[in-house]
$ cat final-v9.csv   # CSV, C-alpha atoms and all ligand atoms
chain,number,residue,atom,x,y,z
A,1,MET,CA,0.0,0.0,0.0
A,2,PHE,CA,2.8,2.4,0.8
A,3,GLU,CA,5.0,1.6,-2.2
A,4,ASP,CA,5.1,3.9,-5.2
A,5,ARG,CA,2.2,2.7,-7.3
A,6,PRO,CA,1.2,3.5,-10.8
A,7,SER,CA,-1.8,5.9,-10.8
A,8,ALA,CA,-3.9,7.8,-13.3
A,9,HIS,CA,-3.1,10.9,-11.2
A,10,PRO,CA,0.5,11.7,-10.5
A,11,GLU,CA,-0.5,12.8,-7.0
A,12,HIS,CA,-3.4,12.4,-4.6
A,13,LEU,CA,-5.5,15.6,-4.4
A,14,LEU,CA,-6.1,16.7,-0.9
A,15,LEU,CA,-9.0,19.0,-0.9
A,16,THR,CA,-9.7,18.5,2.8
A,17,PRO,CA,-9.6,21.1,5.6
A,18,GLY,CA,-6.0,19.9,6.3
A,19,PRO,CA,-3.6,18.6,5.7
A,20,THR,CA,-3.1,20.5,2.4
A,21,PRO,CA,-0.9,19.5,-0.5
A,22,ILE,CA,2.8,20.2,0.3
A,23,HIS,CA,4.2,23.2,-1.4
A,24,PRO,CA,6.9,22.0,-4.0
A,25,ARG,CA,9.5,24.2,-2.3
A,26,ALA,CA,8.7,22.7,1.1
A,27,GLN,CA,8.8,19.2,-0.5
A,28,ARG,CA,12.3,19.9,-1.9
A,29,ALA,CA,13.5,21.3,1.4
A,30,LEU,CA,12.8,18.0,3.0
A,31,LEU,CA,15.7,16.5,1.0
A,32,ARG,CA,18.3,18.7,2.5
A,33,PRO,CA,20.9,16.9,4.6
A,34,MET,CA,20.5,16.8,8.3
A,35,LEU,CA,22.0,19.4,10.5
A,36,GLY,CA,22.2,19.6,14.3
A,37,HIS,CA,19.6,21.7,16.2
A,38,MET,CA,22.5,23.7,17.7
A,39,ASP,CA,24.3,24.4,14.4
A,40,PRO,CA,24.7,28.1,13.5
A,41,GLU,CA,23.1,27.5,10.1
A,42,VAL,CA,20.0,26.2,11.9
A,43,PHE,CA,19.9,29.2,14.2
A,44,ALA,CA,20.2,31.5,11.2
A,45,LEU,CA,17.3,29.7,9.5
A,46,ASN,CA,15.3,29.9,12.7
A,47,GLY,CA,15.9,33.6,12.8
A,48,GLU,CA,14.4,33.9,9.3
A,49,ILE,CA,11.4,31.8,10.4
A,50,GLN,CA,10.8,34.1,13.4
A,51,ALA,CA,10.9,37.2,11.2
A,52,GLY,CA,8.6,35.6,8.6
A,53,LEU,CA,6.1,34.7,11.3
A,54,ARG,CA,6.0,38.3,12.5
A,55,THR,CA,4.9,39.3,9.0
A,56,LEU,CA,2.5,36.4,8.8
A,57,TYR,CA,0.7,37.3,12.0
A,58,GLY,CA,1.1,41.1,11.8
A,59,THR,CA,2.9,41.4,15.1
A,60,ALA,CA,4.8,44.2,16.8
A,61,PRO,CA,8.4,44.5,15.6
A,62,ALA,CA,10.0,42.6,18.5
A,63,THR,CA,7.2,40.0,19.3
A,64,PHE,CA,8.5,36.6,20.2
A,65,THR,CA,7.7,34.0,17.6
A,66,ALA,CA,8.7,30.3,17.5
A,67,LEU,CA,7.8,26.9,16.2
A,68,LEU,CA,6.5,24.3,18.6
A,69,ALA,CA,7.5,20.7,17.9
A,70,GLY,CA,4.0,19.4,17.3
A,71,THR,CA,0.8,20.0,15.4
A,72,GLY,CA,-1.8,22.8,15.7
A,73,SER,CA,-3.3,21.2,18.8
A,74,LEU,CA,0.1,21.6,20.6
A,75,GLY,CA,-0.1,25.3,19.8
A,76,MET,CA,-3.5,25.4,21.4
A,77,GLU,CA,-2.4,23.4,24.4
A,78,ALA,CA,0.8,25.4,25.0
A,79,GLY,CA,-1.3,28.6,25.3
A,80,PHE,CA,-3.4,27.3,28.1
A,81,ALA,CA,-0.5,25.5,29.8
A,82,ASN,CA,1.5,28.7,30.0
A,83,LEU,CA,-1.2,31.3,30.6
A,84,VAL,CA,-3.7,29.5,32.9
A,85,GLU,CA,-3.3,28.9,36.6
A,86,ARG,CA,-5.5,26.7,38.7
A,87,GLY,CA,-8.7,28.6,39.5
A,88,ASP,CA,-8.4,31.2,36.7
A,89,GLU,CA,-11.6,32.3,35.1
A,90,VAL,CA,-11.3,31.6,31.4
A,91,LEU,CA,-13.9,32.5,28.8
A,92,VAL,CA,-14.0,30.2,25.8
A,93,CYS,CA,-16.0,30.9,22.7
A,94,VAL,CA,-17.6,27.6,21.4
A,95,ASN,CA,-19.4,27.2,18.1
A,96,GLY,CA,-17.9,24.0,16.9
A,97,SER,CA,-15.5,21.2,17.7
A,98,PHE,CA,-12.3,23.2,17.9
A,99,GLY,CA,-13.8,25.7,20.3
A,100,ARG,CA,-14.9,22.8,22.3
A,101,ARG,CA,-11.4,21.4,22.3
A,102,MET,CA,-10.1,24.7,23.7
A,103,ALA,CA,-12.6,24.5,26.5
A,104,GLU,CA,-11.6,20.9,27.3
A,105,MET,CA,-7.9,21.9,27.4
A,106,ALA,CA,-8.4,25.0,29.5
A,107,GLY,CA,-10.3,22.9,32.0
A,108,ARG,CA,-7.5,20.3,32.2
A,109,TYR,CA,-5.1,23.1,33.2
A,110,GLY,CA,-7.3,24.1,36.1
A,111,ALA,CA,-9.3,26.9,34.6
A,112,ARG,CA,-12.8,27.7,35.7
A,113,VAL,CA,-14.3,27.6,32.2
A,114,ARG,CA,-17.2,29.8,31.1
A,115,LEU,CA,-18.5,29.3,27.6
A,116,VAL,CA,-19.8,31.8,25.1
A,117,GLU,CA,-21.7,29.7,22.6
A,118,ALA,CA,-23.3,30.2,19.3
A,119,PRO,CA,-25.4,27.6,17.3
A,120,LEU,CA,-23.5,25.5,14.7
A,121,GLY,CA,-23.0,27.5,11.5
A,122,GLN,CA,-23.3,30.9,13.3
A,123,PRO,CA,-20.6,33.2,14.5
A,124,ILE,CA,-19.9,34.1,18.1
A,125,ASP,CA,-21.6,37.4,19.0
A,126,PRO,CA,-19.1,39.9,20.5
A,127,ALA,CA,-21.9,41.3,22.7
A,128,ASP,CA,-22.1,37.8,24.3
A,129,VAL,CA,-18.4,38.0,25.1
A,130,ALA,CA,-18.8,41.4,26.6
A,131,ALA,CA,-21.7,40.2,28.8
A,132,LYS,CA,-19.6,37.4,30.3
A,133,LEU,CA,-16.2,39.1,30.4
A,134,ASP,CA,-16.2,40.4,34.0
A,135,GLY,CA,-13.4,38.7,36.0
A,136,ALA,CA,-12.0,36.7,33.1
A,137,ARG,CA,-8.2,36.3,33.1
A,138,LEU,CA,-8.1,34.9,29.6
A,139,VAL,CA,-10.5,34.8,26.6
A,140,ALA,CA,-10.0,32.1,23.8
A,141,VAL,CA,-11.6,32.0,20.4
A,142,VAL,CA,-11.1,30.1,17.2
A,143,HIS,CA,-10.8,32.5,14.2
A,144,GLY,CA,-11.9,30.0,11.5
A,145,GLU,CA,-14.0,27.1,13.0
A,146,THR,CA,-13.1,24.3,10.6
A,147,SER,CA,-15.9,22.0,11.7
A,148,THR,CA,-18.6,24.3,10.3
A,149,GLY,CA,-16.8,26.8,8.0
A,150,VAL,CA,-17.6,29.8,10.3
A,151,LEU,CA,-15.3,32.8,10.5
A,152,ASN,CA,-15.6,34.3,13.9
A,153,PRO,CA,-15.4,38.1,14.3
A,154,VAL,CA,-12.0,38.2,16.0
A,155,PRO,CA,-11.3,42.0,15.5
A,156,GLU,CA,-14.7,42.8,17.2
A,157,ILE,CA,-14.1,40.3,20.0
A,158,ALA,CA,-10.6,41.7,20.5
A,159,GLU,CA,-12.1,45.2,20.8
A,160,VAL,CA,-14.4,44.0,23.5
A,161,VAL,CA,-11.6,42.2,25.4
A,162,ARG,CA,-9.1,45.1,25.1
A,163,GLY,CA,-8.6,47.0,28.3
A,164,SER,CA,-10.5,44.4,30.4
A,165,GLY,CA,-7.3,42.9,31.8
A,166,ALA,CA,-7.9,39.6,30.1
A,167,LEU,CA,-5.5,38.1,27.7
A,168,LEU,CA,-6.8,37.0,24.3
A,169,THR,CA,-5.8,33.7,22.7
A,170,VAL,CA,-6.7,33.1,19.0
A,171,ASP,CA,-6.6,29.9,17.1
A,172,ALA,CA,-5.5,31.0,13.6
A,173,VAL,CA,-5.0,27.5,12.2
A,174,THR,CA,-7.3,28.0,9.2
A,175,THR,CA,-6.7,31.7,8.8
A,176,ALA,CA,-3.1,32.8,9.3
A,177,GLY,CA,-1.5,33.0,5.8
A,178,MET,CA,-4.7,33.1,3.8
A,179,GLU,CA,-6.9,35.6,5.7
A,180,PRO,CA,-6.2,39.1,7.1
A,181,PHE,CA,-4.6,38.7,10.5
A,182,TYR,CA,-3.2,41.6,12.6
A,183,MET,CA,-2.0,40.5,16.0
A,184,GLU,CA,-0.7,43.9,17.1
A,185,ALA,CA,-3.5,46.1,15.6
A,186,TRP,CA,-6.2,43.8,17.0
A,187,GLY,CA,-4.5,43.4,20.4
A,188,ILE,CA,-4.0,39.6,20.5
A,189,ASP,CA,-1.7,38.0,23.1
A,190,TYR,CA,-1.2,34.5,21.8
A,191,VAL,CA,-1.8,33.0,18.4
A,192,TYR,CA,-0.9,29.7,16.7
A,193,THR,CA,-1.4,27.7,13.6
A,194,GLY,CA,-0.3,24.4,12.2
A,195,ALA,CA,2.2,23.9,9.4
A,196,GLN,CA,0.0,21.7,7.3
A,197,LYS,CA,-2.9,24.1,6.9
A,198,CYS,CA,-2.6,27.5,5.2
A,199,LEU,CA,1.2,27.2,4.7
A,200,SER,CA,1.1,23.8,3.0
A,201,ALA,CA,4.2,22.5,4.9
A,202,PRO,CA,4.3,19.0,6.4
A,203,PRO,CA,2.5,18.5,9.7
A,204,GLY,CA,4.6,18.5,12.8
A,205,VAL,CA,5.4,22.1,13.7
A,206,ALA,CA,3.1,24.8,15.2
A,207,PRO,CA,4.1,28.4,14.5
A,208,VAL,CA,3.2,30.6,17.5
A,209,ALA,CA,3.5,34.3,18.4
A,210,ILE,CA,3.4,35.5,22.0
A,211,SER,CA,2.8,39.1,23.1
A,212,GLU,CA,4.8,41.0,25.8
A,213,ARG,CA,1.7,40.9,28.0
A,214,ALA,CA,1.5,37.2,27.7
A,215,LEU,CA,5.2,36.7,28.5
A,216,ALA,CA,4.7,38.9,31.5
A,217,ARG,CA,1.7,36.8,32.7
A,218,HIS,CA,3.8,33.7,32.3
A,219,ALA,CA,6.7,35.3,34.2
A,220,ALA,CA,4.4,36.1,37.1
A,221,ARG,CA,3.0,32.6,37.5
A,222,ARG,CA,2.8,31.2,41.1
A,223,THR,CA,3.6,27.7,39.8
A,224,PRO,CA,5.8,26.6,36.9
A,225,THR,CA,4.1,25.9,33.5
A,226,PRO,CA,2.9,22.2,33.9
A,227,LEU,CA,3.8,21.4,30.3
A,228,TRP,CA,7.6,21.4,30.5
A,229,TYR,CA,8.1,20.8,26.8
A,230,CYS,CA,6.4,24.0,25.7
A,231,ASP,CA,7.3,26.3,28.7
A,232,PHE,CA,7.6,29.8,27.3
A,233,GLY,CA,10.8,30.2,29.2
A,234,GLY,CA,12.3,27.0,27.7
A,235,LEU,CA,11.2,28.2,24.2
A,236,ARG,CA,13.0,31.5,24.7
A,237,ASP,CA,16.1,29.7,25.9
A,238,TYR,CA,16.4,28.0,22.6
A,239,TRP,CA,14.9,30.5,20.1
A,240,GLU,CA,16.4,33.7,21.7
A,241,ASP,CA,19.5,32.6,23.8
A,242,HIS,CA,20.4,29.7,21.6
A,243,THR,CA,20.9,27.3,24.5
A,244,TYR,CA,19.6,23.7,24.4
A,245,HIS,CA,16.1,22.9,25.5
A,246,HIS,CA,15.0,20.0,23.4
A,247,THR,CA,16.0,18.7,19.9
A,248,VAL,CA,13.9,20.6,17.4
A,249,PRO,CA,12.7,18.8,14.2
A,250,VAL,CA,15.3,20.4,12.0
A,251,ASN,CA,13.9,19.0,8.7
A,252,LEU,CA,10.5,20.3,9.4
A,253,HIS,CA,12.0,23.7,10.1
A,254,TYR,CA,13.6,23.6,6.6
A,255,ALA,CA,10.2,22.8,5.1
A,256,LEU,CA,8.3,25.4,7.1
A,257,HIS,CA,10.9,28.0,6.2
A,258,ALA,CA,10.6,27.2,2.5
A,259,ALA,CA,6.8,27.3,2.6
A,260,LEU,CA,6.7,30.5,4.7
A,261,GLU,CA,9.1,32.2,2.3
A,262,ALA,CA,6.9,31.1,-0.7
A,263,ALA,CA,3.8,32.5,1.0
A,264,LEU,CA,5.4,35.8,1.8
A,265,GLU,CA,6.9,36.1,-1.7
A,266,GLU,CA,3.5,35.5,-3.2
A,267,GLY,CA,2.1,38.1,-0.9
A,268,LEU,CA,-0.5,37.8,1.8
A,269,THR,CA,-3.1,39.9,0.0
A,270,VAL,CA,-2.6,38.0,-3.2
A,271,ARG,CA,-3.3,34.8,-1.3
A,272,GLN,CA,-6.4,36.3,0.3
A,273,ALA,CA,-7.8,37.1,-3.1
A,274,ARG,CA,-6.8,33.7,-4.5
A,275,VAL,CA,-8.8,31.8,-1.9
A,276,ARG,CA,-11.9,34.0,-2.4
A,277,GLU,CA,-11.8,33.7,-6.2
A,278,ILE,CA,-11.5,29.9,-6.2
A,279,GLY,CA,-14.1,29.5,-3.5
A,280,GLU,CA,-16.6,31.7,-5.4
A,281,ALA,CA,-16.0,29.8,-8.6
A,282,VAL,CA,-16.5,26.4,-7.0
A,283,LEU,CA,-19.8,27.7,-5.5
A,284,ALA,CA,-20.9,29.0,-8.9
A,285,ALA,CA,-20.2,25.7,-10.4
A,286,LEU,CA,-22.0,23.6,-7.8
A,287,THR,CA,-25.0,25.9,-7.0
A,288,PRO,CA,-27.1,24.7,-10.0
A,289,LEU,CA,-26.8,21.1,-8.6
A,290,GLY,CA,-28.5,22.3,-5.3
A,291,PHE,CA,-25.4,22.8,-3.1
A,292,THR,CA,-25.9,25.8,-0.9
A,293,PRO,CA,-23.6,27.6,1.6
A,294,TYR,CA,-24.0,26.0,5.1
A,295,VAL,CA,-23.2,29.4,6.8
A,296,GLY,CA,-26.1,31.7,6.1
A,297,GLU,CA,-24.5,35.0,7.1
A,298,ARG,CA,-22.1,36.0,4.2
A,299,ALA,CA,-19.6,37.8,6.4
A,300,ALA,CA,-19.3,34.7,8.6
A,301,ARG,CA,-18.3,32.4,5.8
A,302,LEU,CA,-14.7,31.1,6.3
A,303,PRO,CA,-13.1,31.4,2.8
A,304,THR,CA,-10.6,28.7,3.5
A,305,VAL,CA,-13.1,26.0,4.4
A,306,LEU,CA,-16.1,26.1,2.0
A,307,ALA,CA,-18.9,24.4,3.9
A,308,LEU,CA,-21.7,23.4,1.5
A,309,ARG,CA,-25.1,21.9,2.4
A,310,LEU,CA,-25.6,18.8,0.1
A,311,PRO,CA,-28.5,18.6,-2.3
A,312,ALA,CA,-31.5,16.5,-1.2
A,313,GLY,CA,-30.8,12.8,-1.8
A,314,PHE,CA,-27.1,13.2,-2.5
A,315,ASP,CA,-25.1,10.1,-1.9
A,316,ASP,CA,-22.5,11.6,0.4
A,317,ALA,CA,-20.5,8.5,1.4
A,318,GLY,CA,-20.8,6.9,-2.0
A,319,ILE,CA,-19.6,9.9,-4.0
A,320,ARG,CA,-16.8,10.6,-1.6
A,321,ARG,CA,-15.7,6.9,-1.9
A,322,ALA,CA,-15.8,7.1,-5.7
A,323,LEU,CA,-13.7,10.4,-5.6
A,324,ARG,CA,-11.2,8.7,-3.3
A,325,GLU,CA,-10.8,5.9,-5.9
A,326,ARG,CA,-9.9,8.7,-8.4
A,327,GLU,CA,-7.3,10.0,-5.9
A,328,ILE,CA,-9.4,13.0,-4.7
A,329,SER,CA,-10.2,13.5,-1.1
A,330,VAL,CA,-13.0,15.8,0.1
A,331,THR,CA,-14.3,15.9,3.7
A,332,GLY,CA,-17.9,15.5,4.9
A,333,GLY,CA,-19.5,17.0,8.0
A,334,LEU,CA,-18.5,16.2,11.6
A,335,GLY,CA,-20.9,15.0,14.3
A,336,PRO,CA,-24.2,16.8,13.9
A,337,THR,CA,-23.3,17.9,10.3
A,338,ALA,CA,-22.3,14.4,9.1
A,339,GLY,CA,-24.2,13.5,5.9
A,340,LEU,CA,-25.5,17.1,5.7
A,341,ILE,CA,-22.5,19.0,4.4
A,342,TRP,CA,-19.2,18.9,2.6
A,343,ARG,CA,-16.2,20.8,3.7
A,344,LEU,CA,-13.9,21.7,0.8
A,345,GLY,CA,-10.4,22.8,1.8
A,346,LEU,CA,-9.1,26.0,0.2
A,347,MET,CA,-6.0,26.4,2.3
A,348,GLY,CA,-2.6,26.9,0.9
A,349,GLU,CA,-1.9,24.9,-2.2
A,350,ALA,CA,-5.4,23.5,-2.3
A,351,ALA,CA,-6.7,26.9,-3.3
A,352,ARG,CA,-5.5,26.5,-6.9
A,353,PRO,CA,-7.6,26.1,-10.1
A,354,ALA,CA,-6.1,22.8,-11.2
A,355,PRO,CA,-7.2,20.6,-8.2
A,356,TYR,CA,-10.7,22.0,-8.2
A,357,ARG,CA,-10.9,21.6,-12.0
A,358,ALA,CA,-10.1,17.9,-11.4
A,359,LEU,CA,-12.7,17.6,-8.7
A,360,LEU,CA,-15.4,19.2,-10.8
A,361,ALA,CA,-14.5,17.0,-13.8
A,362,ALA,CA,-14.8,13.9,-11.6
A,363,LEU,CA,-18.1,15.1,-10.3
A,364,GLU,CA,-19.4,15.7,-13.9
A,365,GLU,CA,-18.6,12.1,-14.6
A,366,LEU,CA,-19.9,10.6,-11.3
A,367,LEU,CA,-23.1,12.6,-11.2
A,368,ASN,CA,-23.7,12.4,-14.9
A,369,GLU,CA,-24.0,16.2,-15.0
A,370,ARG,CA,-22.5,18.6,-17.5
A,371,GLY,CA,-21.2,22.1,-17.3
A,372,LEU,CA,-19.5,22.1,-13.9
A,373,VAL,CA,-16.0,22.7,-15.2
A,374,ALA,CA,-17.3,25.2,-17.8
A,375,ARG,CA,-19.1,27.2,-15.1
A,376,PHE,CA,-16.0,27.0,-12.9
A,377,GLU,CA,-13.8,28.4,-15.7
A,378,ALA,CA,-16.3,31.1,-16.6
A,379,ALA,CA,-16.6,32.3,-13.0
A,380,LEU,CA,-12.8,32.1,-12.4
A,381,GLY,CA,-11.8,34.4,-15.2
A,382,ALA,CA,-8.1,35.2,-15.1
A,383,VAL,CA,-6.9,33.7,-11.8
A,384,PRO,CA,-3.3,32.7,-12.2
A,385,ALA,CA,-2.5,29.0,-11.8
B,1,LIG,C1,-6.7,21.5,12.3
B,1,LIG,C2,-7.1,22.4,13.4
B,1,LIG,C3,-6.6,22.3,14.7
B,1,LIG,C4,-5.7,21.2,15.2
B,1,LIG,O1,-4.6,21.1,14.5
B,1,LIG,P1,-3.8,19.6,14.4
B,1,LIG,O2,-2.7,20.0,13.5
B,1,LIG,O3,-4.8,18.6,13.9
B,1,LIG,O4,-3.4,19.3,15.8
B,1,LIG,C5,-6.9,23.3,15.6
B,1,LIG,N1,-7.8,24.3,15.3
B,1,LIG,C6,-8.3,24.4,14.1
B,1,LIG,C7,-9.3,25.5,13.8
B,1,LIG,C8,-8.0,23.4,13.1
B,1,LIG,O5,-8.6,23.5,11.9
$ encode --input "final-v9.csv" --output "structure tokens"
Amino acid sequence: MFEDRPSAHPEHLLLTPGPTPIHPRAQRALLRPMLGHMDPEVFALNGEIQAGLRTLYGTAPATFTALLAGTGSLGMEAGFANLVERGDEVLVCVNGSFGRRMAEMAGRYGARVRLVEAPLGQPIDPADVAAKLDGARLVAVVHGETSTGVLNPVPEIAEVVRGSGALLTVDAVTTAGMEPFYMEAWGIDYVYTGAQKCLSAPPGVAPVAISERALARHAARRTPTPLWYCDFGGLRDYWEDHTYHHTVPVNLHYALHAALEAALEEGLTVRQARVREIGEAVLAALTPLGFTPYVGERAARLPTVLALRLPAGFDDAGIRRALREREISVTGGLGPTAGLIWRLGLMGEAARPAPYRALLAALEELLNERGLVARFEAALGAVPA
């Protein structure tokens, strides 16, 4: 199964909400020979990664950035581990499974968790955050809720939190690198993503940025961070002072560096336009078949995860299985939305015309429908490959 096998398609098309197809420059970077985690070349490369992450997240000039040696969930967990102490009031916004994961983690680190909830498919209301904010030490919100394709109004929530004394943690796993994100201007204290989402690098590192305020909160802890591996102090020992803390996955740093460089060369605003144009063209192609956006409110639709309600009678599992046989992966709903929606990934290298042309061509065949590719091309106009 894992040997190279002949295939009609040279590569499997991952149109899922992560992982995304690896960027060719990241793929090549994986071939570089091994270096030690304490070698000067690696520290130089790390320095470039840190600078690139400041641009990616729109941080203040000296904000501390780093990679954690794990996936996006480690980014999430490290925030709570370092910034929560037993008994702290923590306000967690929950309108899907990743918000729920945040609440679960905060609880395990001893927080008294209060929830601000919104129904599935709807964004968090900043007024609900304001109403529950009193006494909170930390507020946590997912920017792009992958499980439902909802974009939460992070700038408005940040405005409510600003000046309250609470820190703000934002999950930017499906947004950083593809959607506007301004850590400094919005006033965010901790943010993370995963390499395999909008950056199209291999999974295994989580880029983070930590504000001065968050570092001060960590420094004032009564008890040490219970997660030794991701202690903010230990991270700074390695990333700032260049002393040993743990062996970082050097090859994944190479690949992340290459993918980040490619993203910044392309330009963040160009990427933001790319994901929107492809998403709208896919929607235009599928609408006549009866697919409709799952998220009603237009401003709350997450461009990087196109959540579509399936037409009545659509054979969700059967069609996805047939696509998989053609080396194309798309994702269905999760829990309550299983069988009800598809979630099409438009992160990183997935947001290109070629893979979506292939998906639509396959659907034309499987559904015995015509015109999907033509409508896609017509709606797409002149988007560069
Ligand atoms: C994928 C994802 C995560 C978790 O990332 P892993 O890399 O799977 O650990 C967290 N938050 C959101 C919004 C995600 O989409």
$ closest_atom_pairs --input "final-v9.csv" --of "region 139-222 of chain A" --to "region 316-335 of chain A" --cutoff "12 Å" --atoms "all atoms listed in the file" --output "JSON lines"
{"residue": "A:Glu145", "atom": "CA", "partner": "A:Leu334", "partner_atom": "CA", "distance": 11.9}
{"residue": "A:Thr146", "atom": "CA", "partner": "A:Leu334", "partner_atom": "CA", "distance": 9.8}
{"residue": "A:Ser147", "atom": "CA", "partner": "A:Leu334", "partner_atom": "CA", "distance": 6.4}
{"residue": "A:Thr148", "atom": "CA", "partner": "A:Gly333", "partner_atom": "CA", "distance": 7.7}
{"residue": "A:Gly149", "atom": "CA", "partner": "A:Gly333", "partner_atom": "CA", "distance": 10.2}
$ closest_atom_pairs --input "final-v9.csv" --of "region 248-339 of chain A" --to "region 58-78 of chain A" --cutoff "9 Å" --atoms "all atoms listed in the file" --output "CSV"
residue,atom,partner,partner_atom,distance
A:Val248,CA,A:Ala69,CA,6.4
A:Pro249,CA,A:Ala69,CA,6.7
A:His253,CA,A:Leu67,CA,8.1
$ residues_near_ligand --input "final-v9.csv" --ligand "ligand LIG 1 (chain B)" --cutoff "9 Å" --atoms "only C-alpha atoms and all ligand atoms" --output "ChimeraX atom specification"
/A:17-19,70-76,97-99,101-102,142-147,171-175,192-197,203-206
$ atom_distance --input "final-v9.csv" --atom1 "CA of Gly339 (chain A)" --atom2 "CA of Asp315 (chain A)"
8.6 Å
$ residues_around --input "final-v9.csv" --residues "Gln272 (chain A)" --least-positions-apart "2" --cutoff "8 Å" --atoms "all atoms listed in the file" --output "ChimeraX atom specification"
/A:178-180,268-270,274-276
$ closest_residue --input "final-v9.csv" --among "A:Pro202, A:Pro336, A:Pro153, A:Pro224" --to "Glu85 (chain A)" --atoms "all atoms listed in the file"
A:Pro224
$ residues_near_point --input "final-v9.csv" --point "(-13.9, 44.3, 23.2)" --cutoff "10 Å" --atoms "only C-alpha atoms" --output "number ranges by chain"
A: 126-127, 129-130, 133, 154-164, 186-187
$ atom_distance --input "final-v9.csv" --atom1 "CA of Glu349 (chain A)" --atom2 "CA of Ile22 (chain A)"
7.1 Å
$ closest_residue --input "final-v9.csv" --among "A:Ala259, A:His218, A:Thr223, A:Gln50" --to "Leu30 (chain A)" --atoms "all atoms listed in the file"
A:Ala259
$ residues_around --input "final-v9.csv" --residues "Leu91 (chain A)" --least-positions-apart "6" --cutoff "9 Å" --atoms "all atoms listed in the file" --output "PyMOL selection string"
chain A and resi 103+112-116+129+132-133+136-141
$ residues_near_point --input "final-v9.csv" --point "(6.3, 21.8, 29.1)" --cutoff "12 Å" --atoms "all atoms listed in the file" --output "MDAnalysis selection string"
chainID A and resid 68:69 74:75 77:82 224:235 245:246
$ atom_distance --input "final-v9.csv" --atom1 "CA of Val305 (chain A)" --atom2 "CA of Leu346 (chain A)"
5.8 Å
$ residues_around --input "final-v9.csv" --residues "Leu306 (chain A)" --least-positions-apart "6" --cutoff "8 Å" --atoms "only C-alpha atoms" --output "number ranges by chain"
A: 149, 279, 293, 342-346
$ residues_around --input "final-v9.csv" --residues "Leu35 (chain A)" --least-positions-apart "3" --cutoff "8 Å" --atoms "all atoms listed in the file" --output "list in words"
Asp39, Val42 and Val250 of chain A
